[in-house]
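Structure, as structure tokens:
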Amino acid sequence: MKMAEPMRRYSVGYALAPKKQASFIQVSLVNLAKERGIDLIKIDTGKPLIDQGPFDCVLHKMDGDDWKRQLKEYGSEFPQALIIDSPEAIERLHNRISMLQAVGEVEIDFENASFGIPKQTVIYDAKMVSGINLENEGLEFPVIAKPLVADGSAKSHKMLLVFNKDGLRKLKPPIVLQEFVNHGAVIFKVYVVGDYVKSVKRKSLPDVKEDGLGRLESYLPFSQVSNLNNFEKNDDKYYKLMNLENAEFPPLSFLTDIARGLRRVTKLHLFNFDVIRDDRVGNRYLIIDINYFPGYAKMPNYERVLTDFFWDVLNQNDKSLGSLQKVHCEKEVRVLVGNSGCGEDEGTLPVSPLKIEENENPIQV
């Protein structure tokens, strides 16, 4: 009797920061991948990458010029190895202007819903903060103030909901001012893993009534739209307004089409994007953020999803980069305010010239 051929084994080397490794590399994931013939192997970032492996795939979420150089060197030495994902593609998401530009490049065919991004402007010059006229920028209070740099650090998540000009004085450029849109206090987080798309609901900031702006403080600090601080969590009235269970998901086929469009445009395999429903137009959705390699361990059955993904890319079964055409994203007004004033070309928005490590905390609280 002919002996069955042994299962081919694949090696996936991973290079992750300690916190990301602790949350993502669970025993359950390692064991399930091993059953499918996939060995997850930790890369020692203290040693040259070229001296390790060889790996069929390198999975990473690391920054820095030296790491990028090592990946390029490894790819030259082992051209058959998959790098997930390209450092150049990831860097696009490190800037909140270039990040959402990707949404404007997505074209899908869907009749019953539309999508876009909030209006936003970026301020580079500290002298412009207190004197900015929001109406001239197509904005009005309240606005969300976000650091321009979105590198995943704690300070990149320090945001403010600003209600008046006094709140603007707390800002330190470079900063993005983004339109706040009432959205029923619910945010939809859409996880993308190759072809797989999963949407979950999370609590968000409460709606703001225009006639109540005068009674509010000048600003409200928050770290992430879906993570409220203890003061807000203890507010019973807030929970009554939440209606999280009753919030209807956007059509999955709609979100899937957007996800595949973003994959094609960004050339990324692993990311999530945050979506809110514009209360002014019920079937219109706004994408407010895109994150690379998010906390997948929070996603139901993440072990199976990631193992299937590894198998597909290693066997070249990942087909989600096919062409997507037709209906395009609704493009919003996007104006730059910088050292040279305002009214820059709204076509191509520049990436901040500052290196990530040179940026200070953009919000003073």
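Following the order of the structure tokens, chains are lettered A, B, ..., residues in each are numbered from 1, and ligands are numbered from 1.
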Query raised in the report: Do you know which residues are at most 10 Å from region 75-92 of chain A counting only C-alpha atoms, after dropping those on the same chain fewer than 5 positions away, and could you put them as a ChimeraX atom specification?
Result: /A:12-14,50,54-65,67-70,97-102,150-151,265-271,291-293,313-314,351
**Report entry** 10 Å contact set for Lys298 (chain A), only C-alpha atoms, chain neighbours under 4 positions out, as JSON, numbers by chain
**Finding:** {"A": [23, 24, 200, 294, 302]}
Print the selection's residues with N, CA, C and O atoms to a file, as a PDB file, in the first residue's frame.
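Here's the written file selection_25.pdb:
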ATOM      1  N   SER A  23      -1.756  39.853  22.858  1.00  0.00           N
ATOM      2  CA  SER A  23      -3.190  39.771  22.551  1.00  0.00           C
ATOM      3  C   SER A  23      -3.485  38.886  21.349  1.00  0.00           C
ATOM      4  O   SER A  23      -4.511  38.198  21.308  1.00  0.00           O
ATOM      5  N   PHE A  24      -2.578  38.875  20.367  1.00  0.00           N
ATOM      6  CA  PHE A  24      -2.855  38.186  19.105  1.00  0.00           C
ATOM      7  C   PHE A  24      -2.384  36.736  19.101  1.00  0.00           C
ATOM      8  O   PHE A  24      -3.091  35.837  18.626  1.00  0.00           O
ATOM      9  N   VAL A 200     -19.003  44.594  13.624  1.00  0.00           N
ATOM     10  CA  VAL A 200     -19.531  44.536  14.984  1.00  0.00           C
ATOM     11  C   VAL A 200     -19.981  45.938  15.380  1.00  0.00           C
ATOM     12  O   VAL A 200     -19.506  46.938  14.843  1.00  0.00           O
ATOM     13  N   PRO A 294      -5.625  45.588  13.432  1.00  0.00           N
ATOM     14  CA  PRO A 294      -6.310  45.945  14.679  1.00  0.00           C
ATOM     15  C   PRO A 294      -6.334  44.788  15.668  1.00  0.00           C
ATOM     16  O   PRO A 294      -5.719  43.736  15.435  1.00  0.00           O
ATOM     17  N   TYR A 302     -11.741  34.504  15.922  1.00  0.00           N
ATOM     18  CA  TYR A 302     -10.615  35.072  15.179  1.00  0.00           C
ATOM     19  C   TYR A 302      -9.577  34.011  14.816  1.00  0.00           C
ATOM     20  O   TYR A 302      -8.897  34.127  13.777  1.00  0.00           O
TER      21      TYR A 302
END
Requested in this report: Enumerate the residues of region 11-179 of chain A with a DSSP assignment of strand (DSSP E or B), computed from the backbone, and present them as a ChimeraX atom specification.
Outcome: /A:11-16,38-42,57-61,82-84,95,107,114-116,120-123,143-147,149,159-162,171,175-179
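In terms of minimum interatomic distance to Ser218 (chain A), A:Leu160 ranks closest within A:Leu160, A:Val186, A:Leu286, A:Ala247, counting only C-alpha atoms.
Taking CA of Lys170 (chain A) and CA of Ala154 (chain A) as the two end points, the separation is 17.9 Å.
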Query raised in the report: Got a sec: who's within 8 Å of Phe254 (chain A), counting only C-alpha atoms, leaving out chain neighbours fewer than 4 positions off, as a PyMOL selection string?
Result: chain A and resi 110+113+250+258
Query - Shell around Glu135 (chain A) at 12 Å using only C-alpha atoms, local window under 2 positions removed, as a ChimeraX atom specification - result: /A:119-121,131-133,137-143,179,335
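Considering only C-alpha atoms, the residue among A:Ala22, A:Ala297, A:Ile288, A:Val193 positioned nearest to Ile144 (chain A) is A:Ile288.
Of the residues under consideration (A:Ile108, A:Ile43, A:Leu205, A:Leu168), A:Ile108 shows the shortest atom-to-atom contact distance to Leu262 (chain A) when counting only C-alpha atoms.
Take CA of Arg277 (chain A) and CA of Phe180 (chain A): the distance between them is 11.8 Å.
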Report task. List every residue of region 111-304 of chain A that DSSP, applied to the backbone of this structure, assigns to helix (DSSP H, G or I), and report them as number ranges by chain. Result -> A: 126-128, 134-137, 155-157, 165-168, 210-215, 230-233, 236-242, 252-266, 296-298, 302-304
How would the residues just picked look written out with C-alpha atoms as an mmCIF file, in the first residue's frame?
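What ended up in selection-v2.cif:
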data_model
loop_
_atom_site.group_PDB
_atom_site.id
_atom_site.type_symbol
_atom_site.label_atom_id
_atom_site.label_comp_id
_atom_site.auth_asym_id
_atom_site.auth_seq_id
_atom_site.Cartn_x
_atom_site.Cartn_y
_atom_site.Cartn_z
ATOM 1 C CA ALA A 126 -0.156 76.962 15.865
ATOM 2 C CA LYS A 127 -0.880 80.624 15.100
ATOM 3 C CA MET A 128 -3.888 79.592 13.020
ATOM 4 C CA LEU A 134 -14.711 77.036 10.839
ATOM 5 C CA GLU A 135 -17.433 78.235 8.466
ATOM 6 C CA ASN A 136 -14.777 79.186 5.928
ATOM 7 C CA GLU A 137 -13.527 75.604 6.126
ATOM 8 C CA LYS A 155 -0.848 59.981 22.017
ATOM 9 C CA SER A 156 -2.221 59.369 18.521
ATOM 10 C CA HIS A 157 -5.516 58.330 20.175
ATOM 11 C CA LYS A 165 -13.660 78.446 20.253
ATOM 12 C CA ASP A 166 -12.440 78.104 23.822
ATOM 13 C CA GLY A 167 -11.967 74.389 23.141
ATOM 14 C CA LEU A 168 -9.866 75.134 20.066
ATOM 15 C CA GLU A 210 -27.600 72.184 18.454
ATOM 16 C CA ASP A 211 -29.695 74.018 21.050
ATOM 17 C CA GLY A 212 -27.631 72.426 23.839
ATOM 18 C CA LEU A 213 -24.187 73.514 22.648
ATOM 19 C CA GLY A 214 -24.195 76.637 24.826
ATOM 20 C CA ARG A 215 -24.626 74.586 28.007
ATOM 21 C CA ASN A 230 -15.780 56.146 33.221
ATOM 22 C CA PHE A 231 -17.703 59.360 33.680
ATOM 23 C CA GLU A 232 -19.737 58.741 30.552
ATOM 24 C CA LYS A 233 -20.182 55.030 31.233
ATOM 25 C CA ASP A 236 -27.706 56.175 32.916
ATOM 26 C CA LYS A 237 -29.299 58.714 30.628
ATOM 27 C CA TYR A 238 -26.525 58.109 28.131
ATOM 28 C CA TYR A 239 -27.249 54.392 28.040
ATOM 29 C CA LYS A 240 -30.940 55.010 27.468
ATOM 30 C CA LEU A 241 -30.026 57.055 24.413
ATOM 31 C CA MET A 242 -27.634 54.414 23.148
ATOM 32 C CA LEU A 252 -23.098 43.250 4.760
ATOM 33 C CA SER A 253 -22.747 43.155 0.980
ATOM 34 C CA PHE A 254 -22.308 46.946 1.034
ATOM 35 C CA LEU A 255 -19.583 46.771 3.695
ATOM 36 C CA THR A 256 -17.920 43.867 1.889
ATOM 37 C CA ASP A 257 -17.760 45.830 -1.352
ATOM 38 C CA ILE A 258 -16.206 48.808 0.467
ATOM 39 C CA ALA A 259 -13.732 46.500 2.230
ATOM 40 C CA ARG A 260 -12.629 44.931 -1.043
ATOM 41 C CA GLY A 261 -12.344 48.359 -2.613
ATOM 42 C CA LEU A 262 -10.144 49.535 0.242
ATOM 43 C CA ARG A 263 -8.028 46.392 -0.103
ATOM 44 C CA ARG A 264 -7.478 47.126 -3.748
ATOM 45 C CA VAL A 265 -6.638 50.782 -3.151
ATOM 46 C CA THR A 266 -4.443 50.367 -0.065
ATOM 47 C CA TYR A 296 -8.390 40.794 16.024
ATOM 48 C CA ALA A 297 -8.588 38.823 19.266
ATOM 49 C CA LYS A 298 -11.759 40.833 20.020
ATOM 50 C CA TYR A 302 -10.615 35.072 15.179
ATOM 51 C CA GLU A 303 -8.467 31.932 15.356
ATOM 52 C CA ARG A 304 -10.364 30.231 12.543
#
Report summary line: note - CA of Pro173 (chain A) and CA of Lys146 (chain A) are separated by 9.7 Å
Report task. Just the residues within 9 Å of Arg284 (chain A), please, counting only C-alpha atoms, with nothing from its chain fewer than 5 positions along; format it as number ranges by chain. Result -> A: 113-116, 276-279
Would you save the residues of that selection, restricted to N, CA and C atoms, as an mmCIF file, in the first residue's frame?
data_model
loop_
_atom_site.group_PDB
_atom_site.id
_atom_site.type_symbol
_atom_site.label_atom_id
_atom_site.label_comp_id
_atom_site.auth_asym_id
_atom_site.auth_seq_id
_atom_site.Cartn_x
_atom_site.Cartn_y
_atom_site.Cartn_z
ATOM 1 N N ALA A 113 -27.517 52.404 -0.815
ATOM 2 C CA ALA A 113 -26.772 53.129 0.216
ATOM 3 C C ALA A 113 -25.609 53.854 -0.441
ATOM 4 N N SER A 114 -25.148 54.903 0.240
ATOM 5 C CA SER A 114 -23.992 55.651 -0.243
ATOM 6 C C SER A 114 -22.990 55.808 0.897
ATOM 7 N N PHE A 115 -21.766 56.158 0.551
ATOM 8 C CA PHE A 115 -20.739 56.308 1.579
ATOM 9 C C PHE A 115 -19.803 57.447 1.232
ATOM 10 N N GLY A 116 -19.123 57.937 2.239
ATOM 11 C CA GLY A 116 -18.176 59.022 2.046
ATOM 12 C C GLY A 116 -17.332 59.188 3.293
ATOM 13 N N ILE A 276 -19.939 55.132 10.599
ATOM 14 C CA ILE A 276 -21.115 55.640 11.305
ATOM 15 C C ILE A 276 -22.219 55.912 10.291
ATOM 16 N N ARG A 277 -23.452 55.857 10.788
ATOM 17 C CA ARG A 277 -24.605 56.165 9.934
ATOM 18 C C ARG A 277 -24.971 57.631 10.130
ATOM 19 N N ASP A 278 -24.978 58.380 9.059
ATOM 20 C CA ASP A 278 -25.313 59.801 9.112
ATOM 21 C C ASP A 278 -26.798 59.954 9.409
ATOM 22 N N ASP A 279 -27.135 60.486 10.589
ATOM 23 C CA ASP A 279 -28.540 60.615 10.976
ATOM 24 C C ASP A 279 -29.318 61.576 10.086
#
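Counting only C-alpha atoms and comparing A:Glu107, A:Asn283, A:Asp39, A:Lys201, the residue that lies closest to Lys189 (chain A) is A:Lys201.
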